[in-house]
file coords.cif (mmCIF, C-alpha atoms)
data_target
#
loop_
_atom_site.group_PDB
_atom_site.id
_atom_site.type_symbol
_atom_site.label_atom_id
_atom_site.label_comp_id
_atom_site.auth_asym_id
_atom_site.auth_seq_id
_atom_site.Cartn_x
_atom_site.Cartn_y
_atom_site.Cartn_z
ATOM 1 C CA MET A 1 0.000 0.000 0.000
ATOM 2 C CA ASP A 2 1.252 3.454 -0.932
ATOM 3 C CA ALA A 3 1.802 5.228 2.410
ATOM 4 C CA GLU A 4 2.162 8.634 0.744
ATOM 5 C CA LEU A 5 -1.180 8.201 -1.005
ATOM 6 C CA VAL A 6 -2.896 7.102 2.206
ATOM 7 C CA ALA A 7 -1.469 10.076 4.118
ATOM 8 C CA ALA A 8 -2.466 12.582 1.438
ATOM 9 C CA ALA A 9 -5.941 11.101 1.040
ATOM 10 C CA THR A 10 -6.486 11.022 4.800
ATOM 11 C CA GLY A 11 -5.492 14.670 5.081
ATOM 12 C CA ALA A 12 -7.769 15.620 2.192
ATOM 13 C CA LEU A 13 -10.695 13.689 3.652
ATOM 14 C CA VAL A 14 -10.277 15.189 7.097
ATOM 15 C CA GLN A 15 -9.927 18.701 5.736
ATOM 16 C CA ALA A 16 -12.974 18.277 3.488
ATOM 17 C CA MET A 17 -14.994 16.973 6.445
ATOM 18 C CA THR A 18 -14.796 20.391 8.060
ATOM 19 C CA THR A 19 -15.631 22.476 4.983
ATOM 20 C CA ASP A 20 -18.475 23.097 2.563
ATOM 21 C CA ALA A 21 -16.643 20.812 0.125
ATOM 22 C CA TRP A 22 -17.581 17.741 2.186
ATOM 23 C CA GLN A 23 -20.795 16.867 0.329
ATOM 24 C CA ALA A 24 -19.055 16.835 -3.057
ATOM 25 C CA VAL A 25 -15.916 15.053 -1.834
ATOM 26 C CA ARG A 26 -17.983 12.482 0.074
ATOM 27 C CA GLY A 27 -19.992 11.806 -3.071
ATOM 28 C CA GLN A 28 -16.885 11.287 -5.174
ATOM 29 C CA VAL A 29 -15.235 9.004 -2.610
ATOM 30 C CA ALA A 30 -18.455 7.015 -2.184
ATOM 31 C CA ALA A 31 -18.791 6.671 -5.961
ATOM 32 C CA LEU A 32 -15.219 5.383 -6.192
ATOM 33 C CA PHE A 33 -15.294 2.867 -3.325
ATOM 34 C CA GLY A 34 -19.004 2.107 -3.582
ATOM 35 C CA ARG A 35 -18.975 0.489 -6.984
ATOM 36 C CA GLY A 36 -21.064 -2.602 -7.336
ATOM 37 C CA GLY A 37 -24.069 -1.253 -5.492
ATOM 38 C CA ARG A 38 -22.280 -0.217 -2.290
ATOM 39 C CA GLU A 39 -22.400 3.571 -2.732
ATOM 40 C CA GLU A 40 -25.040 4.134 -0.025
ATOM 41 C CA GLU A 41 -23.145 1.857 2.362
ATOM 42 C CA VAL A 42 -19.869 3.714 1.743
ATOM 43 C CA THR A 43 -21.636 7.064 2.156
ATOM 44 C CA ALA A 44 -22.948 5.907 5.543
ATOM 45 C CA GLU A 45 -19.459 4.713 6.559
ATOM 46 C CA LEU A 46 -17.988 8.081 5.588
ATOM 47 C CA GLU A 47 -20.579 9.904 7.701
ATOM 48 C CA ILE A 48 -19.695 7.755 10.719
ATOM 49 C CA VAL A 49 -15.999 8.493 10.145
ATOM 50 C CA ARG A 50 -16.791 12.206 9.844
ATOM 51 C CA GLU A 51 -18.679 12.149 13.155
ATOM 52 C CA GLU A 52 -15.712 10.480 14.856
ATOM 53 C CA VAL A 53 -13.194 12.895 13.328
ATOM 54 C CA THR A 54 -15.171 16.047 14.104
ATOM 55 C CA ALA A 55 -16.065 14.868 17.618
ATOM 56 C CA ASP A 56 -12.486 14.539 18.829
ATOM 57 C CA GLY A 57 -10.371 16.099 16.089
ATOM 58 C CA ASP A 58 -8.471 12.846 15.622
ATOM 59 C CA GLU A 59 -7.666 11.691 12.086
ATOM 60 C CA LEU A 60 -7.282 8.066 13.169
ATOM 61 C CA ALA A 61 -10.830 7.089 12.168
ATOM 62 C CA ALA A 62 -10.289 8.439 8.638
ATOM 63 C CA LEU A 63 -6.864 6.821 8.370
ATOM 64 C CA THR A 64 -8.190 3.459 9.558
ATOM 65 C CA TRP A 65 -11.178 3.564 7.199
ATOM 66 C CA LEU A 66 -9.023 4.515 4.230
ATOM 67 C CA ARG A 67 -6.395 1.838 4.909
ATOM 68 C CA ARG A 68 -9.062 -0.848 5.319
ATOM 69 C CA THR A 69 -10.897 0.266 2.200
ATOM 70 C CA LEU A 70 -7.755 0.417 0.050
ATOM 71 C CA ARG A 71 -6.625 -2.998 1.264
ATOM 72 C CA ALA A 72 -9.974 -4.397 0.136
ATOM 73 C CA ASN A 73 -9.810 -2.467 -3.154
ATOM 74 C CA PRO A 74 -6.161 -1.922 -4.126
ATOM 75 C CA GLU A 75 -7.170 -1.481 -7.756
ATOM 76 C CA PHE A 76 -8.688 1.910 -6.832
ATOM 77 C CA ALA A 77 -5.375 3.464 -5.733
ATOM 78 C CA ALA A 78 -4.678 5.155 -9.075
ATOM 79 C CA GLU A 79 -8.203 6.548 -9.228
ATOM 80 C CA LEU A 80 -7.909 7.798 -5.655
ATOM 81 C CA ARG A 81 -4.745 9.662 -6.606
ATOM 82 C CA GLU A 82 -6.624 11.236 -9.546
ATOM 83 C CA LEU A 83 -9.449 12.168 -7.197
ATOM 84 C CA LEU A 84 -6.948 13.925 -4.935
ATOM 85 C CA VAL A 85 -5.751 15.986 -7.886
ATOM 86 C CA ASP A 86 -9.336 16.795 -8.867
ATOM 87 C CA THR A 87 -10.422 17.801 -5.366
ATOM 88 C CA SER A 88 -7.285 19.669 -4.291
ATOM 89 C CA PRO A 89 -8.693 23.116 -5.187
ATOM 90 C CA ARG A 90 -11.705 22.435 -2.964
ATOM 91 C CA THR A 91 -9.764 20.936 -0.077
ATOM 92 C CA GLY A 92 -6.883 23.370 -0.362
ATOM 93 C CA LEU A 93 -4.342 20.568 -0.524
ATOM 94 C CA PRO A 94 -1.765 20.190 -3.246
ATOM 95 C CA PRO A 95 -2.174 16.950 -5.213
ATOM 96 C CA GLN A 96 0.817 15.129 -3.779
ATOM 97 C CA GLY A 97 1.834 17.052 -0.720
ATOM 98 C CA PRO A 98 3.667 20.317 -0.425
ATOM 99 C CA ARG A 99 6.471 21.079 -2.821
ATOM 100 C CA VAL A 100 8.908 23.810 -1.866
ATOM 101 C CA SER A 101 11.809 24.813 -4.013
ATOM 102 C CA ASN A 102 14.301 27.601 -3.476
ATOM 103 C CA GLN A 103 17.120 28.495 -5.803
ATOM 104 C CA ILE A 104 19.707 31.008 -4.701
ATOM 105 C CA THR A 105 22.199 32.340 -7.190
ATOM 106 C CA GLY A 106 25.007 34.809 -6.938
ATOM 107 C CA GLU A 107 27.007 35.561 -3.861
ATOM 108 C CA THR A 108 25.164 35.771 -0.611
ATOM 109 C CA PHE A 109 26.388 35.839 2.923
ATOM 110 C CA GLU A 110 22.950 35.649 4.498
ATOM 111 C CA LYS A 111 21.390 32.552 5.979
ATOM 112 C CA VAL A 112 18.619 30.891 4.015
ATOM 113 C CA PHE A 113 16.270 28.349 5.581
ATOM 114 C CA GLN A 114 13.871 25.895 4.024
ATOM 115 C CA ALA A 115 11.537 23.512 5.836
ATOM 116 C CA GLU A 116 10.557 19.905 5.065
ATOM 117 C CA ASN A 117 13.269 17.876 3.340
ATOM 118 C CA VAL A 118 16.368 19.926 2.769
ATOM 119 C CA THR A 119 19.089 18.985 0.309
ATOM 120 C CA ILE A 120 22.179 21.129 0.239
ATOM 121 C CA GLU A 121 24.428 20.818 -2.744
ATOM 122 C CA ASN A 122 27.713 22.586 -3.129
ATOM 123 C CA LEU A 123 27.631 23.934 -6.655
ATOM 124 C CA HIS A 124 31.182 25.270 -6.573
#
call {"tool": "encode", "arguments": {"input": "coords.cif", "output": "structure tokens"}}
result
Amino acid sequence: MDAELVAAATGALVQAMTTDAWQAVRGQVAALFGRGGREEEVTAELEIVREEVTADGDELAALTWLRRTLRANPEFAAELRELLVDTSPRTGLPPQGPRVSNQITGETFEKVFQAENVTIENLH
């Protein structure tokens, strides 16, 4: 299972649960994982997860549901990634996590900081 995909999808689900985008995102997720006549069942599961997440602010319920659902339907991983790209404007999340890039040229004697994963290369 793609841990990066699960983390990004969990974050997107949780964020959508607390916004006006929830109805649309819930519908798209239910349509994806509810194929074969299970859409209403998946919609109900998502509402239970939303209640748990909003009640205590803990993402664990969403993470657990998503892991379980992807394990049962690994063939939907690529479509879930596409759904993340499609819904990112509504959820406010970038499609595959934050990307930060800084390029500094010329001579500088100041300190420059970058968060997340930092790679320092000596170009001289």
call {"tool": "resolve_selection", "arguments": {"input": "coords.cif", "expression": "the PyMOL selection byres ((chain A and resi 29) around 12)", "output": "VMD selection string"}}
result
chain A and resid 9 to 10 12 to 13 16 22 to 28 30 to 35 38 to 47 65 to 66 69 to 70 76 to 77 79 to 84 86 to 87
call {"tool": "write_last_selection", "arguments": {"input": "coords.cif", "atoms": "C-alpha atoms", "output": "tab-separated table (two decimals), in the frame of the given file"}}
result
chain	number	residue	atom	x	y	z
A	9	ALA	CA	-5.94	11.10	1.04
A	10	THR	CA	-6.49	11.02	4.80
A	12	ALA	CA	-7.77	15.62	2.19
A	13	LEU	CA	-10.70	13.69	3.65
A	16	ALA	CA	-12.97	18.28	3.49
A	22	TRP	CA	-17.58	17.74	2.19
A	23	GLN	CA	-20.80	16.87	0.33
A	24	ALA	CA	-19.06	16.84	-3.06
A	25	VAL	CA	-15.92	15.05	-1.83
A	26	ARG	CA	-17.98	12.48	0.07
A	27	GLY	CA	-19.99	11.81	-3.07
A	28	GLN	CA	-16.89	11.29	-5.17
A	30	ALA	CA	-18.45	7.02	-2.18
A	31	ALA	CA	-18.79	6.67	-5.96
A	32	LEU	CA	-15.22	5.38	-6.19
A	33	PHE	CA	-15.29	2.87	-3.32
A	34	GLY	CA	-19.00	2.11	-3.58
A	35	ARG	CA	-18.98	0.49	-6.98
A	38	ARG	CA	-22.28	-0.22	-2.29
A	39	GLU	CA	-22.40	3.57	-2.73
A	40	GLU	CA	-25.04	4.13	-0.02
A	41	GLU	CA	-23.14	1.86	2.36
A	42	VAL	CA	-19.87	3.71	1.74
A	43	THR	CA	-21.64	7.06	2.16
A	44	ALA	CA	-22.95	5.91	5.54
A	45	GLU	CA	-19.46	4.71	6.56
A	46	LEU	CA	-17.99	8.08	5.59
A	47	GLU	CA	-20.58	9.90	7.70
A	65	TRP	CA	-11.18	3.56	7.20
A	66	LEU	CA	-9.02	4.51	4.23
A	69	THR	CA	-10.90	0.27	2.20
A	70	LEU	CA	-7.76	0.42	0.05
A	76	PHE	CA	-8.69	1.91	-6.83
A	77	ALA	CA	-5.38	3.46	-5.73
A	79	GLU	CA	-8.20	6.55	-9.23
A	80	LEU	CA	-7.91	7.80	-5.66
A	81	ARG	CA	-4.74	9.66	-6.61
A	82	GLU	CA	-6.62	11.24	-9.55
A	83	LEU	CA	-9.45	12.17	-7.20
A	84	LEU	CA	-6.95	13.92	-4.93
A	86	ASP	CA	-9.34	16.80	-8.87
A	87	THR	CA	-10.42	17.80	-5.37
call {"tool": "resolve_selection", "arguments": {"input": "coords.cif", "expression": "the PyMOL selection byres ((chain A and resi 7) around 12)", "output": "tab-separated table (two decimals) with C-alpha atoms, in the frame of the given file"}}
result
chain	number	residue	atom	x	y	z
A	1	MET	CA	0.00	0.00	0.00
A	2	ASP	CA	1.25	3.45	-0.93
A	3	ALA	CA	1.80	5.23	2.41
A	4	GLU	CA	2.16	8.63	0.74
A	5	LEU	CA	-1.18	8.20	-1.00
A	6	VAL	CA	-2.90	7.10	2.21
A	8	ALA	CA	-2.47	12.58	1.44
A	9	ALA	CA	-5.94	11.10	1.04
A	10	THR	CA	-6.49	11.02	4.80
A	11	GLY	CA	-5.49	14.67	5.08
A	12	ALA	CA	-7.77	15.62	2.19
A	13	LEU	CA	-10.70	13.69	3.65
A	14	VAL	CA	-10.28	15.19	7.10
A	59	GLU	CA	-7.67	11.69	12.09
A	60	LEU	CA	-7.28	8.07	13.17
A	62	ALA	CA	-10.29	8.44	8.64
A	63	LEU	CA	-6.86	6.82	8.37
A	64	THR	CA	-8.19	3.46	9.56
A	66	LEU	CA	-9.02	4.51	4.23
A	67	ARG	CA	-6.40	1.84	4.91
A	80	LEU	CA	-7.91	7.80	-5.66
A	81	ARG	CA	-4.74	9.66	-6.61
A	84	LEU	CA	-6.95	13.92	-4.93
A	93	LEU	CA	-4.34	20.57	-0.52
A	95	PRO	CA	-2.17	16.95	-5.21
A	96	GLN	CA	0.82	15.13	-3.78
A	97	GLY	CA	1.83	17.05	-0.72
call {"tool": "closest_residue", "arguments": {"input": "coords.cif", "among": "A:Arg71, A:Gln15, A:Ala21, A:Val85", "to": "Thr54 (chain A)", "atoms": "all atoms listed in the file"}}
result
A:Gln15
call {"tool": "atom_distance", "arguments": {"input": "coords.cif", "atom1": "CA of Ala61 (chain A)", "atom2": "CA of Thr18 (chain A)"}}
result
14.5 Å
call {"tool": "atom_distance", "arguments": {"input": "coords.cif", "atom1": "CA of Gly37 (chain A)", "atom2": "CA of Ala78 (chain A)"}}
result
20.7 Å
call {"tool": "atom_distance", "arguments": {"input": "coords.cif", "atom1": "CA of Gly36 (chain A)", "atom2": "CA of Asn73 (chain A)"}}
result
12.0 Å
call {"tool": "build_atoms", "arguments": {"input": "coords.cif", "residues": "region 8-37 of chain A", "atoms": "N, CA and C atoms", "output": "PDB file, in the coordinates of the input"}}
result
ATOM      1  N   ALA A   8      -1.885  11.445   2.154  1.00  0.00           N
ATOM      2  CA  ALA A   8      -2.466  12.582   1.438  1.00  0.00           C
ATOM      3  C   ALA A   8      -3.983  12.483   1.382  1.00  0.00           C
ATOM      4  N   ALA A   9      -4.493  11.289   1.120  1.00  0.00           N
ATOM      5  CA  ALA A   9      -5.941  11.101   1.040  1.00  0.00           C
ATOM      6  C   ALA A   9      -6.597  11.289   2.399  1.00  0.00           C
ATOM      7  N   THR A  10      -5.945  10.824   3.460  1.00  0.00           N
ATOM      8  CA  THR A  10      -6.486  11.022   4.800  1.00  0.00           C
ATOM      9  C   THR A  10      -6.563  12.508   5.121  1.00  0.00           C
ATOM     10  N   GLY A  11      -5.492  13.227   4.839  1.00  0.00           N
ATOM     11  CA  GLY A  11      -5.492  14.670   5.081  1.00  0.00           C
ATOM     12  C   GLY A  11      -6.571  15.381   4.291  1.00  0.00           C
ATOM     13  N   ALA A  12      -6.745  14.998   3.036  1.00  0.00           N
ATOM     14  CA  ALA A  12      -7.769  15.620   2.192  1.00  0.00           C
ATOM     15  C   ALA A  12      -9.165  15.308   2.708  1.00  0.00           C
ATOM     16  N   LEU A  13      -9.388  14.053   3.109  1.00  0.00           N
ATOM     17  CA  LEU A  13     -10.695  13.689   3.652  1.00  0.00           C
ATOM     18  C   LEU A  13     -11.009  14.475   4.916  1.00  0.00           C
ATOM     19  N   VAL A  14     -10.054  14.503   5.829  1.00  0.00           N
ATOM     20  CA  VAL A  14     -10.277  15.189   7.097  1.00  0.00           C
ATOM     21  C   VAL A  14     -10.517  16.677   6.872  1.00  0.00           C
ATOM     22  N   GLN A  15      -9.731  17.281   6.002  1.00  0.00           N
ATOM     23  CA  GLN A  15      -9.927  18.701   5.736  1.00  0.00           C
ATOM     24  C   GLN A  15     -11.291  18.950   5.097  1.00  0.00           C
ATOM     25  N   ALA A  16     -11.681  18.109   4.152  1.00  0.00           N
ATOM     26  CA  ALA A  16     -12.974  18.277   3.488  1.00  0.00           C
ATOM     27  C   ALA A  16     -14.127  18.097   4.471  1.00  0.00           C
ATOM     28  N   MET A  17     -13.941  17.237   5.463  1.00  0.00           N
ATOM     29  CA  MET A  17     -14.994  16.973   6.445  1.00  0.00           C
ATOM     30  C   MET A  17     -15.401  18.220   7.218  1.00  0.00           C
ATOM     31  N   THR A  18     -14.523  19.188   7.278  1.00  0.00           N
ATOM     32  CA  THR A  18     -14.796  20.391   8.060  1.00  0.00           C
ATOM     33  C   THR A  18     -15.094  21.603   7.185  1.00  0.00           C
ATOM     34  N   THR A  19     -15.368  21.371   5.898  1.00  0.00           N
ATOM     35  CA  THR A  19     -15.631  22.476   4.983  1.00  0.00           C
ATOM     36  C   THR A  19     -16.917  22.226   4.208  1.00  0.00           C
ATOM     37  N   ASP A  20     -17.306  23.227   3.433  1.00  0.00           N
ATOM     38  CA  ASP A  20     -18.475  23.097   2.563  1.00  0.00           C
ATOM     39  C   ASP A  20     -18.224  22.112   1.426  1.00  0.00           C
ATOM     40  N   ALA A  21     -16.981  21.746   1.200  1.00  0.00           N
ATOM     41  CA  ALA A  21     -16.643  20.812   0.125  1.00  0.00           C
ATOM     42  C   ALA A  21     -17.012  19.372   0.481  1.00  0.00           C
ATOM     43  N   TRP A  22     -17.369  19.116   1.731  1.00  0.00           N
ATOM     44  CA  TRP A  22     -17.581  17.741   2.186  1.00  0.00           C
ATOM     45  C   TRP A  22     -18.615  16.994   1.354  1.00  0.00           C
ATOM     46  N   GLN A  23     -19.747  17.578   1.064  1.00  0.00           N
ATOM     47  CA  GLN A  23     -20.795  16.867   0.329  1.00  0.00           C
ATOM     48  C   GLN A  23     -20.277  16.369  -1.023  1.00  0.00           C
ATOM     49  N   ALA A  24     -19.578  17.224  -1.744  1.00  0.00           N
ATOM     50  CA  ALA A  24     -19.055  16.835  -3.057  1.00  0.00           C
ATOM     51  C   ALA A  24     -17.957  15.788  -2.934  1.00  0.00           C
ATOM     52  N   VAL A  25     -17.021  16.001  -2.009  1.00  0.00           N
ATOM     53  CA  VAL A  25     -15.916  15.053  -1.834  1.00  0.00           C
ATOM     54  C   VAL A  25     -16.452  13.704  -1.367  1.00  0.00           C
ATOM     55  N   ARG A  26     -17.380  13.730  -0.407  1.00  0.00           N
ATOM     56  CA  ARG A  26     -17.983  12.482   0.074  1.00  0.00           C
ATOM     57  C   ARG A  26     -18.636  11.731  -1.081  1.00  0.00           C
ATOM     58  N   GLY A  27     -19.344  12.446  -1.933  1.00  0.00           N
ATOM     59  CA  GLY A  27     -19.992  11.806  -3.071  1.00  0.00           C
ATOM     60  C   GLY A  27     -19.003  11.160  -4.017  1.00  0.00           C
ATOM     61  N   GLN A  28     -17.891  11.838  -4.266  1.00  0.00           N
ATOM     62  CA  GLN A  28     -16.885  11.287  -5.174  1.00  0.00           C
ATOM     63  C   GLN A  28     -16.193  10.072  -4.564  1.00  0.00           C
ATOM     64  N   VAL A  29     -15.888  10.138  -3.280  1.00  0.00           N
ATOM     65  CA  VAL A  29     -15.235   9.004  -2.610  1.00  0.00           C
ATOM     66  C   VAL A  29     -16.196   7.819  -2.550  1.00  0.00           C
ATOM     67  N   ALA A  30     -17.458   8.087  -2.241  1.00  0.00           N
ATOM     68  CA  ALA A  30     -18.455   7.015  -2.184  1.00  0.00           C
ATOM     69  C   ALA A  30     -18.662   6.392  -3.560  1.00  0.00           C
ATOM     70  N   ALA A  31     -18.647   7.210  -4.602  1.00  0.00           N
ATOM     71  CA  ALA A  31     -18.791   6.671  -5.961  1.00  0.00           C
ATOM     72  C   ALA A  31     -17.611   5.777  -6.320  1.00  0.00           C
ATOM     73  N   LEU A  32     -16.416   6.172  -5.895  1.00  0.00           N
ATOM     74  CA  LEU A  32     -15.219   5.383  -6.192  1.00  0.00           C
ATOM     75  C   LEU A  32     -15.248   4.048  -5.452  1.00  0.00           C
ATOM     76  N   PHE A  33     -15.381   4.091  -4.128  1.00  0.00           N
ATOM     77  CA  PHE A  33     -15.294   2.867  -3.325  1.00  0.00           C
ATOM     78  C   PHE A  33     -16.625   2.129  -3.209  1.00  0.00           C
ATOM     79  N   GLY A  34     -17.700   2.736  -3.693  1.00  0.00           N
ATOM     80  CA  GLY A  34     -19.004   2.107  -3.582  1.00  0.00           C
ATOM     81  C   GLY A  34     -19.486   1.417  -4.832  1.00  0.00           C
ATOM     82  N   ARG A  35     -18.595   1.179  -5.743  1.00  0.00           N
ATOM     83  CA  ARG A  35     -18.975   0.489  -6.984  1.00  0.00           C
ATOM     84  C   ARG A  35     -19.586  -0.874  -6.658  1.00  0.00           C
ATOM     85  N   GLY A  36     -20.442  -1.301  -7.546  1.00  0.00           N
ATOM     86  CA  GLY A  36     -21.064  -2.602  -7.336  1.00  0.00           C
ATOM     87  C   GLY A  36     -22.245  -2.537  -6.385  1.00  0.00           C
ATOM     88  N   GLY A  37     -22.881  -1.377  -6.322  1.00  0.00           N
ATOM     89  CA  GLY A  37     -24.069  -1.253  -5.492  1.00  0.00           C
ATOM     90  C   GLY A  37     -23.816  -0.935  -4.028  1.00  0.00           C
TER      91      GLY A  37
END
